[in-house]
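Q: Provided herewith: protein-v5.json, JSON, C-alpha atoms.
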[["chain", "number", "residue", "atom", "x", "y", "z"],
["A", 21, "MET", "CA", 116.22, -92.96, 142.28],
["A", 22, "TRP", "CA", 118.94, -95.26, 143.58],
["A", 23, "GLU", "CA", 122.37, -95.72, 142.04],
["A", 24, "ASP", "CA", 121.91, -99.09, 140.31],
["A", 25, "MET", "CA", 118.95, -97.93, 138.22],
["A", 26, "MET", "CA", 119.49, -97.75, 134.45],
["A", 27, "GLU", "CA", 117.24, -96.55, 131.61],
["A", 28, "ARG", "CA", 117.70, -97.95, 128.13],
["A", 29, "ILE", "CA", 116.01, -98.51, 124.77],
["A", 30, "VAL", "CA", 115.73, -102.04, 123.39],
["A", 31, "GLU", "CA", 114.59, -102.99, 119.88],
["A", 32, "ALA", "CA", 112.21, -105.90, 120.34],
["A", 33, "ASN", "CA", 109.77, -107.52, 117.92],
["A", 34, "GLY", "CA", 110.26, -104.59, 115.56],
["A", 35, "ILE", "CA", 109.28, -102.11, 118.30],
["A", 36, "ARG", "CA", 111.37, -99.57, 120.20],
["A", 37, "LEU", "CA", 110.81, -100.37, 123.89],
["A", 38, "TRP", "CA", 111.88, -98.15, 126.80],
["A", 39, "CYS", "CA", 112.82, -99.97, 129.98],
["A", 40, "GLU", "CA", 114.30, -99.26, 133.39],
["A", 41, "THR", "CA", 116.30, -101.82, 135.36],
["A", 42, "PHE", "CA", 117.16, -101.97, 139.05],
["A", 43, "GLY", "CA", 119.85, -104.04, 140.69],
["A", 44, "ASP", "CA", 122.50, -106.54, 139.64],
["A", 45, "PRO", "CA", 121.98, -108.29, 136.26],
["A", 46, "ALA", "CA", 123.52, -111.39, 137.85],
["A", 47, "ASP", "CA", 120.49, -111.66, 140.18],
["A", 48, "PRO", "CA", 117.29, -113.49, 139.14],
["A", 49, "ALA", "CA", 115.39, -111.32, 136.65],
["A", 50, "LEU", "CA", 111.89, -110.14, 137.58],
["A", 51, "LEU", "CA", 109.89, -108.59, 134.72],
["A", 52, "LEU", "CA", 107.06, -106.21, 135.64],
["A", 53, "VAL", "CA", 104.36, -105.87, 132.96],
["A", 54, "MET", "CA", 101.98, -102.92, 133.31],
["A", 55, "GLY", "CA", 98.43, -102.51, 132.03],
["A", 56, "LEU", "CA", 96.25, -100.59, 129.62],
["A", 57, "GLY", "CA", 97.67, -97.23, 128.60],
["A", 58, "ALA", "CA", 99.90, -97.06, 131.68],
["A", 59, "ARG", "CA", 103.64, -96.46, 131.69],
["A", 60, "GLY", "CA", 106.08, -98.86, 133.27],
["A", 61, "ALA", "CA", 106.75, -96.19, 135.89],
["A", 62, "THR", "CA", 103.24, -96.88, 137.22],
["A", 63, "TRP", "CA", 104.87, -99.75, 139.08],
["A", 64, "PRO", "CA", 105.58, -98.09, 142.45],
["A", 65, "ASP", "CA", 109.18, -97.15, 143.16],
["A", 66, "GLU", "CA", 108.85, -98.61, 146.65],
["A", 67, "LEU", "CA", 107.77, -101.99, 145.28],
["A", 68, "CYS", "CA", 110.72, -102.01, 142.88],
["A", 69, "ARG", "CA", 113.06, -101.06, 145.72],
["A", 70, "LEU", "CA", 111.84, -103.83, 148.02],
["A", 71, "LEU", "CA", 112.16, -106.43, 145.26],
["A", 72, "GLN", "CA", 115.63, -105.22, 144.25],
["A", 73, "GLU", "CA", 116.92, -105.08, 147.82],
["A", 74, "ALA", "CA", 115.83, -108.70, 148.29],
["A", 75, "GLY", "CA", 118.11, -109.78, 145.44],
["A", 76, "ARG", "CA", 116.03, -109.42, 142.29],
["A", 77, "TYR", "CA", 117.06, -107.78, 139.02],
["A", 78, "VAL", "CA", 113.89, -105.75, 138.48],
["A", 79, "ILE", "CA", 112.76, -104.63, 135.01],
["A", 80, "ARG", "CA", 109.84, -102.33, 134.28],
["A", 81, "TYR", "CA", 109.08, -101.10, 130.78],
["A", 82, "ASP", "CA", 106.66, -99.17, 128.59],
["A", 83, "ASN", "CA", 104.48, -101.37, 126.38],
["A", 84, "ARG", "CA", 104.27, -100.38, 122.72],
["A", 85, "ASP", "CA", 102.14, -97.24, 122.21],
["A", 86, "THR", "CA", 102.90, -96.19, 125.79],
["A", 87, "GLY", "CA", 105.30, -93.75, 127.42],
["A", 88, "GLN", "CA", 108.66, -93.57, 125.66],
["A", 89, "SER", "CA", 108.23, -96.76, 123.63],
["A", 90, "GLY", "CA", 107.40, -96.80, 119.94],
["A", 91, "CYS", "CA", 103.94, -96.04, 118.55],
["A", 92, "VAL", "CA", 102.03, -98.26, 116.13],
["A", 93, "ASP", "CA", 99.40, -97.49, 113.50],
["A", 94, "TYR", "CA", 96.85, -100.00, 114.77],
["A", 95, "GLU", "CA", 94.71, -99.96, 111.64],
["A", 96, "ALA", "CA", 97.72, -100.84, 109.50],
["A", 97, "ASN", "CA", 99.30, -103.20, 112.05],
["A", 98, "PRO", "CA", 96.69, -104.54, 114.50],
["A", 99, "TYR", "CA", 97.89, -106.53, 117.47],
["A", 100, "THR", "CA", 96.61, -108.50, 120.46],
["A", 101, "MET", "CA", 97.93, -109.63, 123.83],
["A", 102, "ILE", "CA", 99.92, -112.30, 121.97],
["A", 103, "GLU", "CA", 101.99, -109.65, 120.17],
["A", 104, "LEU", "CA", 102.42, -107.71, 123.41],
["A", 105, "ALA", "CA", 103.70, -110.92, 125.01],
["A", 106, "GLN", "CA", 106.15, -111.29, 122.11],
["A", 107, "ASP", "CA", 107.33, -107.73, 122.83],
["A", 108, "ALA", "CA", 108.06, -108.72, 126.44],
["A", 109, "VAL", "CA", 110.01, -111.80, 125.35],
["A", 110, "GLY", "CA", 111.89, -109.68, 122.80],
["A", 111, "LEU", "CA", 112.78, -107.28, 125.59],
["A", 112, "LEU", "CA", 114.26, -110.16, 127.59],
["A", 113, "ASP", "CA", 116.22, -111.18, 124.49],
["A", 114, "GLY", "CA", 117.54, -107.63, 124.11],
["A", 115, "LEU", "CA", 118.65, -107.61, 127.74],
["A", 116, "GLY", "CA", 120.33, -111.00, 127.38],
["A", 117, "ILE", "CA", 117.95, -112.70, 129.83],
["A", 118, "ALA", "CA", 117.01, -116.35, 129.24],
["A", 119, "THR", "CA", 114.28, -116.70, 131.88],
["A", 120, "ALA", "CA", 112.48, -114.38, 134.27],
["A", 121, "ASP", "CA", 109.84, -114.33, 136.97],
["A", 122, "VAL", "CA", 106.98, -112.47, 135.27],
["A", 123, "VAL", "CA", 104.58, -110.23, 137.20],
["A", 124, "GLY", "CA", 101.65, -108.61, 135.37],
["A", 125, "ALA", "CA", 99.06, -106.12, 136.63],
["A", 126, "SER", "CA", 95.65, -105.49, 135.04],
["A", 127, "MET", "CA", 96.09, -105.78, 131.24],
["A", 128, "GLY", "CA", 99.70, -106.63, 132.07],
["A", 129, "GLY", "CA", 98.30, -109.71, 133.78],
["A", 130, "MET", "CA", 96.64, -110.65, 130.50],
["A", 131, "ILE", "CA", 99.96, -110.20, 128.70],
["A", 132, "ALA", "CA", 101.70, -112.27, 131.40],
["A", 133, "GLN", "CA", 99.21, -115.09, 130.88],
["A", 134, "GLU", "CA", 100.05, -115.10, 127.18],
["A", 135, "ILE", "CA", 103.76, -115.27, 128.01],
["A", 136, "ALA", "CA", 103.03, -118.35, 130.13],
["A", 137, "LEU", "CA", 100.92, -119.87, 127.34],
["A", 138, "GLU", "CA", 103.07, -119.04, 124.32],
["A", 139, "HIS", "CA", 106.58, -118.80, 125.78],
["A", 140, "ALA", "CA", 106.52, -121.19, 128.74],
["A", 141, "ASP", "CA", 110.27, -121.77, 128.54],
["A", 142, "ARG", "CA", 110.99, -118.08, 129.20],
["A", 143, "LEU", "CA", 109.40, -117.69, 132.62],
["A", 144, "ARG", "CA", 110.24, -119.31, 135.92],
["A", 145, "SER", "CA", 107.04, -118.22, 137.62],
["A", 146, "LEU", "CA", 103.88, -116.20, 136.95],
["A", 147, "THR", "CA", 102.24, -113.61, 139.20],
["A", 148, "VAL", "CA", 98.96, -112.02, 138.08],
["A", 149, "ILE", "CA", 97.60, -109.00, 139.93],
["A", 150, "MET", "CA", 94.07, -107.51, 139.52],
["A", 151, "SER", "CA", 93.44, -109.19, 136.17],
["A", 152, "SER", "CA", 91.28, -111.80, 134.43],
["A", 153, "ALA", "CA", 91.38, -114.61, 131.89],
["A", 154, "GLU", "CA", 88.00, -113.56, 130.47],
["A", 155, "PRO", "CA", 87.76, -111.68, 127.16],
["A", 156, "LEU", "CA", 86.67, -108.05, 127.01],
["A", 157, "ASP", "CA", 83.21, -107.44, 125.58],
["A", 158, "PRO", "CA", 83.19, -104.42, 123.21],
["A", 159, "ALA", "CA", 79.46, -103.96, 123.79],
["A", 160, "THR", "CA", 79.92, -103.33, 127.51],
["A", 161, "ASN", "CA", 83.60, -102.33, 127.67],
["A", 162, "THR", "CA", 84.14, -104.80, 130.47],
["A", 163, "PHE", "CA", 85.00, -108.45, 131.02],
["A", 164, "ARG", "CA", 82.53, -111.04, 129.82],
["A", 165, "GLY", "CA", 79.81, -111.71, 132.36],
["A", 166, "THR", "CA", 80.56, -108.50, 134.29],
["A", 167, "VAL", "CA", 78.26, -105.50, 134.66],
["A", 168, "ARG", "CA", 80.21, -102.28, 134.09],
["A", 169, "ASP", "CA", 80.64, -100.32, 137.33],
["A", 170, "PRO", "CA", 78.32, -97.28, 136.94],
["A", 171, "ARG", "CA", 81.10, -94.92, 138.04],
["A", 172, "LEU", "CA", 83.38, -96.25, 135.31],
["A", 173, "ALA", "CA", 80.54, -96.09, 132.77],
["A", 174, "ALA", "CA", 80.00, -92.42, 133.65],
["A", 175, "TRP", "CA", 83.72, -91.72, 133.34],
["A", 176, "ASP", "CA", 83.78, -93.43, 129.93],
["A", 177, "ALA", "CA", 80.84, -91.32, 128.75],
["A", 178, "GLU", "CA", 82.54, -88.14, 129.91],
["A", 179, "GLN", "CA", 85.73, -89.03, 128.01],
["A", 180, "ILE", "CA", 83.72, -89.52, 124.83],
["A", 181, "ALA", "CA", 81.68, -86.35, 125.25],
["A", 182, "ASN", "CA", 84.57, -84.14, 126.40],
["A", 183, "PRO", "CA", 87.90, -85.79, 125.59],
["A", 184, "PRO", "CA", 90.81, -84.11, 127.41],
["A", 185, "SER", "CA", 93.05, -82.07, 125.14],
["A", 186, "THR", "CA", 95.46, -80.19, 127.43],
["A", 187, "ARG", "CA", 98.02, -81.61, 129.84],
["A", 188, "GLU", "CA", 96.02, -80.39, 132.84],
["A", 189, "GLU", "CA", 92.82, -81.91, 131.47],
["A", 190, "HIS", "CA", 94.59, -85.25, 131.09],
["A", 191, "VAL", "CA", 95.84, -85.02, 134.67],
["A", 192, "GLU", "CA", 92.37, -84.20, 136.01],
["A", 193, "SER", "CA", 90.80, -87.01, 133.97],
["A", 194, "HIS", "CA", 93.31, -89.57, 135.26],
["A", 195, "LEU", "CA", 92.87, -88.25, 138.80],
["A", 196, "LYS", "CA", 89.11, -88.76, 138.60],
["A", 197, "LEU", "CA", 89.63, -92.32, 137.35],
["A", 198, "ALA", "CA", 92.14, -93.00, 140.14],
["A", 199, "ARG", "CA", 89.54, -91.99, 142.74],
["A", 200, "ILE", "CA", 87.09, -94.51, 141.28],
["A", 201, "LEU", "CA", 89.68, -97.29, 141.26],
["A", 202, "ALA", "CA", 91.14, -96.58, 144.70],
["A", 203, "GLY", "CA", 89.19, -99.07, 146.83],
["A", 204, "GLN", "CA", 88.50, -98.75, 150.55],
["A", 205, "LEU", "CA", 91.85, -99.80, 151.98],
["A", 206, "THR", "CA", 93.09, -96.28, 152.67],
["A", 207, "ALA", "CA", 92.03, -92.66, 152.29],
["A", 208, "PHE", "CA", 92.60, -91.34, 148.77],
["A", 209, "ASP", "CA", 95.82, -89.30, 148.68],
["A", 210, "GLU", "CA", 95.11, -86.72, 145.99],
["A", 211, "ALA", "CA", 98.47, -84.94, 146.18],
["A", 212, "ALA", "CA", 100.52, -88.14, 145.90],
["A", 213, "THR", "CA", 98.29, -89.50, 143.14],
["A", 214, "ARG", "CA", 98.51, -86.27, 141.18],
["A", 215, "ALA", "CA", 102.31, -86.37, 141.43],
["A", 216, "ILE", "CA", 102.37, -89.94, 140.07],
["A", 217, "ILE", "CA", 100.05, -89.04, 137.19],
["A", 218, "GLU", "CA", 102.11, -85.99, 136.29],
["A", 219, "ARG", "CA", 105.28, -88.11, 136.24],
["A", 220, "GLU", "CA", 103.59, -90.68, 134.00],
["A", 221, "ILE", "CA", 102.48, -88.02, 131.52],
["A", 222, "GLU", "CA", 105.91, -86.38, 131.40],
["A", 223, "ASN", "CA", 107.82, -87.28, 128.23],
["A", 224, "ALA", "CA", 105.04, -89.69, 127.26],
["A", 225, "THR", "CA", 103.50, -90.28, 123.87],
["A", 226, "ASP", "CA", 99.85, -89.34, 123.35],
["A", 227, "ALA", "CA", 97.91, -90.94, 126.22],
["A", 228, "GLY", "CA", 94.73, -91.09, 124.15],
["A", 229, "HIS", "CA", 96.55, -92.96, 121.37],
["A", 230, "ALA", "CA", 97.91, -95.50, 123.87],
["A", 231, "SER", "CA", 94.55, -96.14, 125.54],
["A", 232, "LYS", "CA", 92.69, -96.42, 122.22],
["A", 233, "ASN", "CA", 95.14, -98.94, 120.76],
["A", 234, "HIS", "CA", 95.35, -101.00, 123.94],
["A", 235, "ILE", "CA", 91.55, -101.16, 124.18],
["A", 236, "LEU", "CA", 91.35, -102.32, 120.56],
["A", 237, "ALA", "CA", 94.05, -104.92, 121.28],
["A", 238, "ALA", "CA", 92.16, -106.15, 124.34],
["A", 239, "PHE", "CA", 88.90, -106.43, 122.37],
["A", 240, "ALA", "CA", 90.70, -108.41, 119.63],
["A", 241, "SER", "CA", 92.42, -110.78, 122.06],
["A", 242, "ARG", "CA", 91.35, -114.34, 122.62],
["A", 243, "ASP", "CA", 89.39, -115.87, 125.47],
["A", 244, "ARG", "CA", 91.96, -117.43, 127.83],
["A", 245, "SER", "CA", 89.52, -118.74, 130.46],
["A", 246, "GLY", "CA", 89.90, -122.32, 129.21],
["A", 247, "LEU", "CA", 93.45, -122.01, 127.95],
["A", 248, "VAL", "CA", 94.98, -121.02, 131.30],
["A", 249, "ARG", "CA", 94.33, -124.55, 132.57],
["A", 250, "SER", "CA", 97.39, -125.56, 130.56],
["A", 251, "ILE", "CA", 99.73, -123.13, 132.36],
["A", 252, "THR", "CA", 102.44, -125.11, 134.12],
["A", 253, "ALA", "CA", 104.48, -122.28, 135.65],
["A", 254, "PRO", "CA", 104.12, -121.82, 139.42],
["A", 255, "THR", "CA", 101.39, -119.17, 139.64],
["A", 256, "LEU", "CA", 100.34, -116.60, 142.22],
["A", 257, "VAL", "CA", 97.12, -114.62, 141.75],
["A", 258, "ILE", "CA", 96.64, -111.43, 143.79],
["A", 259, "HIS", "CA", 93.32, -109.58, 143.77],
["A", 260, "GLY", "CA", 91.62, -106.87, 145.78],
["A", 261, "SER", "CA", 88.14, -107.23, 147.21],
["A", 262, "ASP", "CA", 87.12, -103.71, 146.06],
["A", 263, "ASP", "CA", 88.33, -103.83, 142.46],
["A", 264, "PRO", "CA", 85.75, -102.05, 140.24],
["A", 265, "MET", "CA", 87.65, -102.68, 136.99],
["A", 266, "ALA", "CA", 88.20, -106.43, 137.34],
["A", 267, "PRO", "CA", 85.77, -107.57, 140.06],
["A", 268, "PHE", "CA", 87.04, -109.95, 142.73],
["A", 269, "ALA", "CA", 85.36, -113.00, 141.16],
["A", 270, "HIS", "CA", 87.74, -112.75, 138.20],
["A", 271, "GLY", "CA", 90.76, -113.25, 140.42],
["A", 272, "GLU", "CA", 89.09, -116.18, 142.15],
["A", 273, "ALA", "CA", 88.19, -117.78, 138.82],
["A", 274, "LEU", "CA", 91.70, -117.33, 137.40],
["A", 275, "ALA", "CA", 93.32, -118.91, 140.45],
["A", 276, "ALA", "CA", 90.84, -121.80, 140.36],
["A", 277, "ALA", "CA", 91.53, -122.43, 136.67],
["A", 278, "ILE", "CA", 95.35, -122.63, 136.85],
["A", 279, "PRO", "CA", 96.43, -125.95, 138.41],
["A", 280, "GLY", "CA", 98.29, -125.61, 141.69],
["A", 281, "SER", "CA", 98.08, -121.82, 141.79],
["A", 282, "GLU", "CA", 98.06, -119.77, 145.00],
["A", 283, "PHE", "CA", 95.41, -117.09, 145.56],
["A", 284, "LEU", "CA", 96.11, -114.03, 147.72],
["A", 285, "PRO", "CA", 93.03, -111.84, 148.35],
["A", 286, "ILE", "CA", 93.63, -108.36, 149.75],
["A", 287, "GLU", "CA", 90.70, -106.88, 151.63],
["A", 288, "GLY", "CA", 89.85, -103.31, 150.63],
["A", 289, "MET", "CA", 92.29, -103.15, 147.72],
["A", 290, "GLY", "CA", 90.92, -101.62, 144.52],
["A", 291, "HIS", "CA", 92.55, -101.46, 141.10],
["A", 292, "GLY", "CA", 95.90, -99.95, 141.97],
["A", 293, "PHE", "CA", 98.82, -99.94, 144.38],
["A", 294, "PRO", "CA", 98.10, -97.78, 147.45],
["A", 295, "PRO", "CA", 101.02, -97.71, 149.92],
["A", 296, "PRO", "CA", 99.52, -100.23, 152.42],
["A", 297, "VAL", "CA", 99.44, -103.03, 149.81],
["A", 298, "ILE", "CA", 103.06, -102.68, 148.70],
["A", 299, "PRO", "CA", 104.74, -104.55, 151.61],
["A", 300, "PRO", "CA", 102.39, -107.58, 151.50],
["A", 301, "ILE", "CA", 102.51, -107.73, 147.69],
["A", 302, "SER", "CA", 106.31, -107.52, 147.60],
["A", 303, "ALA", "CA", 106.59, -110.16, 150.35],
["A", 304, "ALA", "CA", 104.22, -112.47, 148.45],
["A", 305, "ILE", "CA", 106.13, -112.03, 145.17],
["A", 306, "LEU", "CA", 109.47, -112.68, 146.89],
["A", 307, "ARG", "CA", 108.13, -115.79, 148.62],
["A", 308, "HIS", "CA", 106.60, -117.05, 145.37],
["A", 309, "THR", "CA", 109.64, -116.38, 143.19],
["A", 310, "GLY", "CA", 112.10, -117.67, 145.76],
["A", 311, "ARG", "CA", 110.77, -121.19, 145.99]]
What would you get if you wrote out this structure as structure tokens?
A:
Amino acid sequence: MWEDMMERIVEANGIRLWCETFGDPADPALLLVMGLGARGATWPDELCRLLQEAGRYVIRYDNRDTGQSGCVDYEANPYTMIELAQDAVGLLDGLGIATADVVGASMGGMIAQEIALEHADRLRSLTVIMSSAEPLDPATNTFRGTVRDPRLAAWDAEQIANPPSTREEHVESHLKLARILAGQLTAFDEAATRAIIEREIENATDAGHASKNHILAAFASRDRSGLVRSITAPTLVIHGSDDPMAPFAHGEALAAAIPGSEFLPIEGMGHGFPPPVIPPISAAILRHTGR
């Protein structure tokens, strides 16, 4: 990694949060919020580099129950996207940052929406990637009004019937899911994807614990489809046409619901960050946050 990268632990909202920063703290802060069960390092290094080199102070972090951040007993202390948004704001407090451009992907996009709704004074702009304002339906394990992709349903069933227990089994399980989510934009790079998954698992807390708690939090979270109409922050919504996790219509609906928002569709993009999407996504974020 480059020289101006720094890892640190911040106590926020009663939770120990691991974060990694890139660039000059005097530059405009850009907070990257990752999704369900995924570490902050899931944000591609190349995307962070492009944003930092363009004059942004980039922050990526592990949500509670994920990676090197603190774990929670969900039954004793249940939480929703609102509490996860409070964690993010607490992280900014711990870093001495008053306002930031907030970028959320997948469940991180749900958290980012809650930051915009509950802490509007803390963000300069909002970018939501491959996400939705709809609630998750526990009966179908997908967003309301969406039919679960049969490939994802089969993967879910396999996890229940044969949950991974070893490190290699976790890697293979995540690799299978990555193939499903990849989209049609580029050929699936198994070697590169495996390397990313192995890095995410390294030094991480129990991946099963993280996914279980985040799913419960998502199920318990409120319906934002009407609430997002009150978001006043300049908003950019980015969504791939081949997303099997959050189908394309969810991105369209979110952009239509937030007044004055910009919608950037990416043809062939699935639910992830293959190399071809990184330059256009970074350029769009820089344009949006620089206005």
Q: Of the candidates A:Ile221, A:Ala174, A:Leu146, A:Ala202, which one gets nearest to Gly60 of chain A if we count only C-alpha atoms?
A: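 Counting only C-alpha atoms, the residue closest to Gly60 of chain A is A:Ile221.
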Q: Might you pull out every residue within 10 Å of Phe268 of chain A, with all atoms listed in the file counted and same-chain residues fewer than 4 positions away left off, and present them as a ChimeraX atom specification?
A: /A:150-152,258-264,272-273,285-286,289-290
Q: In Å to one decimal, how far is atom CA of Trp63 of chain A from atom CA of Gly292 of chain A?
A: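 Going from atom CA of Gly292 of chain A over to atom CA of Trp63 of chain A covers 9.4 Å.
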Q: Considering all atoms listed in the file, return as a list in words whatever protein or nucleic-acid residues lie within 8 Å of segment 51-59 of chain A, sequence-local ones (same chain, fewer than 6 positions apart) excluded.
A: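 Close residues of segment 51-59 of chain A: Val78, Ile79, Arg80, Tyr81, Asp82, Asn83, Asp85, Thr86, Gly87, Ala120, Asp121, Val122, Val123, Gly124, Ala125, Ser126, Met127, Gly128, Gly129, Ile131, Ala132, Glu220, Ala227, Ala230, Ser231, His234 and Ile235 of chain A.
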Q: Output as lines of an AutoDock Vina configuration file the centre and edge lengths (Å, one decimal) of the box along x, y and z of the file that holds every listed atom of segment 164-181 of chain A after adding 3 Å on each side.
A:
center_x = 82.0
center_y = -99.0
center_z = 131.4
size_x = 13.5
size_y = 31.4
size_z = 19.2
Q: I need the residue nearest His139 of chain A from this list: A:Thr162, A:Ala253, A:Ala173, A:Val167. Use only C-alpha atoms for the distance.
A: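 Of A:Thr162, A:Ala253, A:Ala173, A:Val167, the one nearest His139 of chain A, counting only C-alpha atoms, is A:Ala253.
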Q: Name the residues in contact with Arg214 of chain A at a cut-off of 10 Å, using only C-alpha atoms, excluding same-chain residues fewer than 6 positions from it; report them as a PyMOL selection string.
A: chain A and resi 191-192+194-195+198+220
Q: So which one's closest to Ala304 of chain A, A:Gly90, A:Thr147, A:Glu188, A:Glu154? Using all atoms listed in the file, please.
A: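 Between A:Gly90, A:Thr147, A:Glu188, A:Glu154, the residue approaching Ala304 of chain A most closely is A:Thr147.
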Q: Mind listing whatever residues come within 12 Å of the point (118.0, -102.9, 141.1)? Use all atoms listed in the file, file coordinates, and give them as JSON, numbers by chain.
A: {"A": [21, 22, 23, 24, 25, 26, 27, 40, 41, 42, 43, 44, 45, 46, 47, 48, 49, 50, 51, 65, 66, 67, 68, 69, 70, 71, 72, 73, 74, 75, 76, 77, 78, 79, 80]}
Q: Within 6 Å of segment 93-101 of chain A, counting only C-alpha atoms, which residues qualify if same-chain residues fewer than 5 places away don't, as a tab-separated table (two decimals) with C-alpha atoms, in the coordinates of the input?
A:
chain	number	residue	atom	x	y	z
A	131	ILE	CA	99.96	-110.20	128.70
A	237	ALA	CA	94.05	-104.92	121.28
A	240	ALA	CA	90.70	-108.41	119.63
A	241	SER	CA	92.42	-110.78	122.06
Q: Atom CA of Ala118 of chain A and atom CA of Glu282 of chain A are how many Å apart?
A: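 Those two atoms sit 24.9 Å apart.
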Q: Please indicate the distance in Å from atom CA of Thr62 of chain A to atom CA of Arg249 of chain A, rounded to one decimal place.
A: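 The value is 29.4 Å.
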Q: Hey, could you patch up segment 213-224 of chain A with N, CA, C and O atoms and hand it over as a PDB file, in the frame of the given file?
A:
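Below is the file result.pdb, written as the result:
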ATOM      1  N   THR A 213      98.787 -88.935 144.388  1.00  0.00           N
ATOM      2  CA  THR A 213      98.290 -89.500 143.140  1.00  0.00           C
ATOM      3  C   THR A 213      98.510 -88.545 141.982  1.00  0.00           C
ATOM      4  O   THR A 213      98.902 -88.948 140.884  1.00  0.00           O
ATOM      5  N   ARG A 214      98.283 -87.264 142.226  1.00  0.00           N
ATOM      6  CA  ARG A 214      98.510 -86.270 141.180  1.00  0.00           C
ATOM      7  C   ARG A 214      99.985 -86.262 140.760  1.00  0.00           C
ATOM      8  O   ARG A 214     100.299 -86.183 139.564  1.00  0.00           O
ATOM      9  N   ALA A 215     100.879 -86.362 141.732  1.00  0.00           N
ATOM     10  CA  ALA A 215     102.310 -86.370 141.430  1.00  0.00           C
ATOM     11  C   ALA A 215     102.680 -87.565 140.552  1.00  0.00           C
ATOM     12  O   ALA A 215     103.486 -87.452 139.619  1.00  0.00           O
ATOM     13  N   ILE A 216     102.099 -88.737 140.852  1.00  0.00           N
ATOM     14  CA  ILE A 216     102.370 -89.940 140.070  1.00  0.00           C
ATOM     15  C   ILE A 216     101.860 -89.772 138.644  1.00  0.00           C
ATOM     16  O   ILE A 216     102.543 -90.095 137.666  1.00  0.00           O
ATOM     17  N   ILE A 217     100.641 -89.237 138.512  1.00  0.00           N
ATOM     18  CA  ILE A 217     100.050 -89.040 137.190  1.00  0.00           C
ATOM     19  C   ILE A 217     100.875 -88.054 136.374  1.00  0.00           C
ATOM     20  O   ILE A 217     101.137 -88.281 135.184  1.00  0.00           O
ATOM     21  N   GLU A 218     101.303 -86.986 136.999  1.00  0.00           N
ATOM     22  CA  GLU A 218     102.110 -85.990 136.290  1.00  0.00           C
ATOM     23  C   GLU A 218     103.427 -86.592 135.819  1.00  0.00           C
ATOM     24  O   GLU A 218     103.907 -86.295 134.723  1.00  0.00           O
ATOM     25  N   ARG A 219     104.031 -87.456 136.631  1.00  0.00           N
ATOM     26  CA  ARG A 219     105.280 -88.110 136.240  1.00  0.00           C
ATOM     27  C   ARG A 219     105.043 -89.053 135.066  1.00  0.00           C
ATOM     28  O   ARG A 219     105.863 -89.146 134.151  1.00  0.00           O
ATOM     29  N   GLU A 220     103.895 -89.750 135.078  1.00  0.00           N
ATOM     30  CA  GLU A 220     103.590 -90.680 134.000  1.00  0.00           C
ATOM     31  C   GLU A 220     103.395 -89.945 132.678  1.00  0.00           C
ATOM     32  O   GLU A 220     103.793 -90.440 131.611  1.00  0.00           O
ATOM     33  N   ILE A 221     102.760 -88.777 132.740  1.00  0.00           N
ATOM     34  CA  ILE A 221     102.480 -88.020 131.520  1.00  0.00           C
ATOM     35  C   ILE A 221     103.738 -87.380 130.968  1.00  0.00           C
ATOM     36  O   ILE A 221     103.893 -87.216 129.752  1.00  0.00           O
ATOM     37  N   GLU A 222     104.677 -87.035 131.834  1.00  0.00           N
ATOM     38  CA  GLU A 222     105.910 -86.380 131.400  1.00  0.00           C
ATOM     39  C   GLU A 222     106.668 -87.236 130.398  1.00  0.00           C
ATOM     40  O   GLU A 222     106.887 -88.426 130.604  1.00  0.00           O
ATOM     41  N   ASN A 223     107.053 -86.621 129.284  1.00  0.00           N
ATOM     42  CA  ASN A 223     107.820 -87.280 128.230  1.00  0.00           C
ATOM     43  C   ASN A 223     107.114 -88.482 127.614  1.00  0.00           C
ATOM     44  O   ASN A 223     107.741 -89.342 126.990  1.00  0.00           O
ATOM     45  N   ALA A 224     105.784 -88.558 127.787  1.00  0.00           N
ATOM     46  CA  ALA A 224     105.040 -89.690 127.260  1.00  0.00           C
ATOM     47  C   ALA A 224     104.488 -89.383 125.881  1.00  0.00           C
ATOM     48  O   ALA A 224     104.299 -88.233 125.510  1.00  0.00           O
TER      49      ALA A 224
END
